[in-house]
Amino acid sequence: MMVEKLNLEMLKLIKEQKKEIDFLAKRLRSINNYLSRTELENCILVACLRIITDKHNISRQEKREIILRAIEEIFPDIF
């Protein structure tokens with residue numbers, strides 16, 4: 001019961017984190033400055049951590065897809 005309440009409360013937060021990751025990833029693609037890139041990468045990783053720790057109705061598969069897309073933006077050489 002408590003988990004269900006947490007899931008409903010976190011729905012908006014997860015969506016906001018996904019939007020933030022998408023926005024930051026777009027900026028990351030256009031920046032060549034090392035320090036700026038590092039700062040954006042850290043912001044993306046923090047947003048990913050928020051998604052992982054949030055209790056939400058979003059499926060594990062959806063969380064995985066969001067996070068993998070973010071990691072691909074940060075480390076394109078790996079993928």
# chains A, B, ... in the order shown; residues from 1 in each chain; ligands from 1

call {"tool": "residues_around", "arguments": {"residues": "A:Cys48", "least_positions_apart": "6", "cutoff": "8 Å", "atoms": "only C-alpha atoms", "output": "list in words"}}
result
Gln17, Ile21, Ile66, Ile67 and Ala70 of chain A

call {"tool": "write_last_selection", "arguments": {"atoms": "N, CA and C atoms", "output": "compact mmCIF listing (two decimals), in the first residue's frame"}}
result
# COMPACT_ATOMS: atom_id res chain seq x y z
N GLN A 17 12.66 14.15 -14.83
CA GLN A 17 14.05 13.71 -14.95
C GLN A 17 14.34 13.28 -16.39
N ILE A 21 17.18 14.89 -18.78
CA ILE A 21 18.23 14.11 -19.44
C ILE A 21 18.24 14.41 -20.94
N ILE A 66 15.71 4.79 -20.65
CA ILE A 66 16.06 6.20 -20.40
C ILE A 66 17.52 6.31 -20.00
N ILE A 67 17.94 5.46 -19.07
CA ILE A 67 19.30 5.53 -18.55
C ILE A 67 20.31 5.13 -19.61
N ALA A 70 20.86 7.94 -21.99
CA ALA A 70 21.70 8.97 -21.38
C ALA A 70 23.17 8.56 -21.38

call {"tool": "closest_residue", "arguments": {"among": "A:Pro76, A:Lys18, A:Arg29, A:Glu39", "to": "A:Lys63", "atoms": "only C-alpha atoms"}}
result
A:Lys18

call {"tool": "residues_around", "arguments": {"residues": "A:Phe75", "least_positions_apart": "3", "cutoff": "12 Å", "atoms": "only C-alpha atoms", "output": "PyMOL selection string"}}
result
chain A and resi 25+28-29+37-38+41+44-45+68-72+78-79

call {"tool": "atom_distance", "arguments": {"atom1": "atom CA of A:Arg64", "atom2": "atom CA of A:Ile52"}}
result
8.8 Å

call {"tool": "atom_distance", "arguments": {"atom1": "atom CA of A:Ala47", "atom2": "atom CA of A:Ile74"}}
result
12.9 Å

call {"tool": "closest_residue", "arguments": {"among": "A:Lys15, A:Asn33, A:Leu40, A:Ile51", "to": "A:Glu73", "atoms": "only C-alpha atoms"}}
result
A:Leu40

call {"tool": "atom_distance", "arguments": {"atom1": "atom CA of A:Leu24", "atom2": "atom CA of A:Cys43"}}
result
7.7 Å
